[in-house]
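Since the structure comes first, as structure tokens, the remarks are kept for the end.
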Amino acid sequence: MKSKLNIDPKMVDSARNHAANIAKNMQEFIDAHTTVSTERTILRLLGVDGIDDVETPLPNVVVEQIQAAGGLQRGTAYWMGNAMIQTGLTPQEIAEKVSAGELEITKLDTASAKDAEAAIMPAVHESLKKIKAQTAKRDEYLKTLGEGTKPYLYVIVATGNIYEDVVQAKAAARQGADVIAVIRTTAQSLLDYVPYGPTTEGFGGTYATQENFRIMRKGLDEVGEEVGRYIRLCNYSSGMCMPEIAAMGALERLDMMLNDAIYGILFRDINMQRTLVDQYMSRVIIGYCGIIFNSGEDNYLTTDDAYEAAHTVTASQFINEQFAVLANIKEEQMGLGHAFEMDPMTKNGFLYELAQAIMAKEIFPNACLKYMPPTKYMTGNIFRGHIQDALFNLVSVWSGQSIQLLGMMTEAILTPHMQDRYLSIENASYIFNNCRDLGEEVEFKKDGIIQKRAQLVLSKANDLLADIEKEGLFSTIEQGKFGGVKRPKDGGHGLDGVCVKDDQYFNPFIPLMKEGAE
């Protein structure tokens, strides 16, 4: 594909190679470590579910016992497989006995790692079978119902009550939405457990639980059959329980998940060692079941200047792409993020935004790019805000984005009303239809403002990636080169949940999922 921006393909290759080396170097660290949340994910995939009498999830109960006994480095897969050999019980039955104080899983006689792995393989394959069945069901819906045209119209629901969320989600689908994102309750990302069951009292959003996923999935399937197109469901696979929520999303057929290698470090102060280990497990799951992940580069522009720091977005997109490659995620599942966030008073700001968006599409032509709306400079002047969203929509269809999180004209002054969501869908639908093939018709002036802007941003991104490769990702984050936010390698939430694996450690899900096994 000829570049309309006249960007140098050799520089794109250079940036991608730097990012690949950064990801590869981090993968060596990831492969040597595990975390409590990764181990809980293994238990969830083995079928362990439920809570104890004080509402602690059983996966937490089991992992906490193993960790307290100093056995985490061998891995829960080993201890669960060994317990199955010694007791003849299922993983769920073993977890219930641990919870009841009737079993200390690390004090049983020990079998070899090979025998322990063999013992849990039937449960592993049963889990993979369930996930594959959900993926097949999505494929069947897409085949029979079809879906909306890209850019997908992506809107949010955030009532705090899952049942009210379903009402609003169905209304949005009837209005034309293609993707419903259920916003997660404030600060759930800092909980080191996943709440259980349906919830009705979230703040600023609704708790991400497996039952809530199931309830919303059912509601969207119902309205999808009503309107005659498949409605995609999005939630958050991020925070302290990143891989656990990815597993829940796979089991309940979510279609998109917010999932970023760096977001939780910068914006939730979660320890970087833990986050990078957890993101690998989460992305292997996401890759296996066909979920589109959405990365969070747009957030850098809320804490840094969107004009001056645009290259950090591009650099992070390259890094997120390469982490995804290592997790065996297909390009079309890579929802690399960026945003329309420059100060609207910037002279020629629209041209700079257009250059950035088209550059992203040219560099990542097969990715499912996610474009985020103006938020930092939204205003109580709802009419100007609606115009800003319209310009954002124009850039999106012009540059061929895949996922469009719609801006709401009143989001700067209140939680948007249902009618505001309708106006946003109407705005985007009008512009997308009227300008559908604009990008195919327009070329840009050689060495003009748009071409020079894209070339400059790519050059600066390449330089930044070269520095990161030299210094290491941990050091780069410590220096605050992403989003202007500094985080210490040995600080933040969750560091005590990271440990080095021993030579008997195994995780049967990762190799099987990466090879697409059933």
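Quick note on naming: the chains in the structure tokens go A, B, ... in the order shown, residues restart at 1 in each chain, and ligands are numbered from 1 in order of appearance.
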When you look at stretch 15-31 of chain A with a cut-off of 6 Å (counting only C-alpha atoms), what residues show up, excluding the ones that are within fewer than 2 positions of it in the same chain? I need them as a PyMOL selection string. chain A and resi 12-13+33+277+318-319+322-323+462+465-466+469
Write the residues of the preceding selection, restricted to C-alpha atoms, as a tab-separated table (two decimals), in the first residue's frame.
chain	number	residue	atom	x	y	z
A	12	VAL	CA	8.47	1.85	10.27
A	13	ASP	CA	10.53	-1.36	10.12
A	33	HIS	CA	7.86	-15.18	37.02
A	277	VAL	CA	3.44	-10.88	33.91
A	318	PHE	CA	4.32	-0.58	18.49
A	319	ILE	CA	5.08	-2.09	21.92
A	322	GLN	CA	4.72	-6.80	19.77
A	323	PHE	CA	3.48	-7.98	23.18
A	462	ASN	CA	11.43	5.55	16.48
A	465	LEU	CA	11.77	3.12	20.98
A	466	ALA	CA	15.52	3.00	20.37
A	469	GLU	CA	15.42	-0.80	23.85
Counting only C-alpha atoms, what are the residues of stretch 273-370 of chain A within 9 Å of stretch 119-142 of chain A, and for each of them which pair of atoms is the nearest and at what distance in Å, to one decimal? Sort the table by chain and rising number, as CSV.
residue,atom,partner,partner_atom,distance
A:Tyr288,CA,A:Lys132,CA,8.6
A:Cys289,CA,A:Thr135,CA,5.9
A:Gly290,CA,A:Thr135,CA,6.8
A:Ile291,CA,A:Thr135,CA,8.8
Residue nearest A:Lys486 among A:Ile94, A:Met272, A:Val395, A:Leu58 (counting only C-alpha atoms): A:Met272
Would you list the contacts of stretch 235-252 of chain A as a ChimeraX atom specification, taking every protein, DNA or RNA residue within 6 Å and counting only C-alpha atoms, but skipping same-chain residues closer than 3 positions in sequence? /A:37,41,131,181-182,189-190,192,210,214,257-259,264,278,281-282
Name the residues in contact with A:Ile262 at a cut-off of 12 Å, using only C-alpha atoms, excluding same-chain residues fewer than 4 positions from it; report them as an NGL selection string. :A and (238-239 or 258 or 266-280 or 295-300 or 313 or 315-317 or 319-320 or 323 or 473-474 or 476-478 or 480-483 or 485-487)
If DSSP is run on the backbone, what residues of stretch 222-376 of chain A are strand (DSSP E or B)? A reply as a PyMOL selection string would be ideal. chain A and resi 232-236+256-258+270+292-294+334-335+337-339+370-372
Might you pull out every residue within 7 Å of stretch 153-170 of chain A, with only C-alpha atoms counted and same-chain residues fewer than 2 positions away left off, and present them as a list in words?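 Near neighbours after the sequence-gap exclusion: Pro151, Ala172, Ala173, Arg174, Ala177, Asp178, Val179, Ile180, Ala181, Val182, Ile183, Thr185, Thr199, Thr200, Glu201, Gly202, Phe203, Gly204, Gly205, Thr206, Asn212, Met216, Gly219, Leu220, Val223, Ile403, Gln404, Leu405 and Leu406 of chain A.
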Interatomic distance between atom CA of A:Leu301 and atom CA of A:Gln401?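 Result for atom CA of A:Leu301 versus atom CA of A:Gln401: 18.5 Å, one decimal.
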Would you give me, as a ChimeraX atom specification, the residues in stretch 160-390 of chain A that DSSP reads as alpha helix (DSSP H)? /A:162-175,210-227,242-251,263-268,272-289,300-303,310-326,349-363,382-390
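Neighbours of A:Lys514 closer than or equal to 9 Å, with only C-alpha atoms counted and sequence neighbours fewer than 2 positions away skipped, come out as A:Val284, A:Ile285, A:Gly287, A:Tyr288, A:Ala327, A:Asn328, A:Ile329, A:Phe509, A:Ile510, A:Pro511, A:Leu512, A:Gly516, A:Ala517.
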A:Phe340 proximity check over A:Glu93, A:Asp52, A:Asp502, A:Glu353, using only C-alpha atoms: winner is A:Glu353
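Of the listed residues (A:Pro416, A:Gly400, A:Pro198, A:Gly448), A:Gly400 comes nearest to A:Arg436; the distances count only C-alpha atoms.
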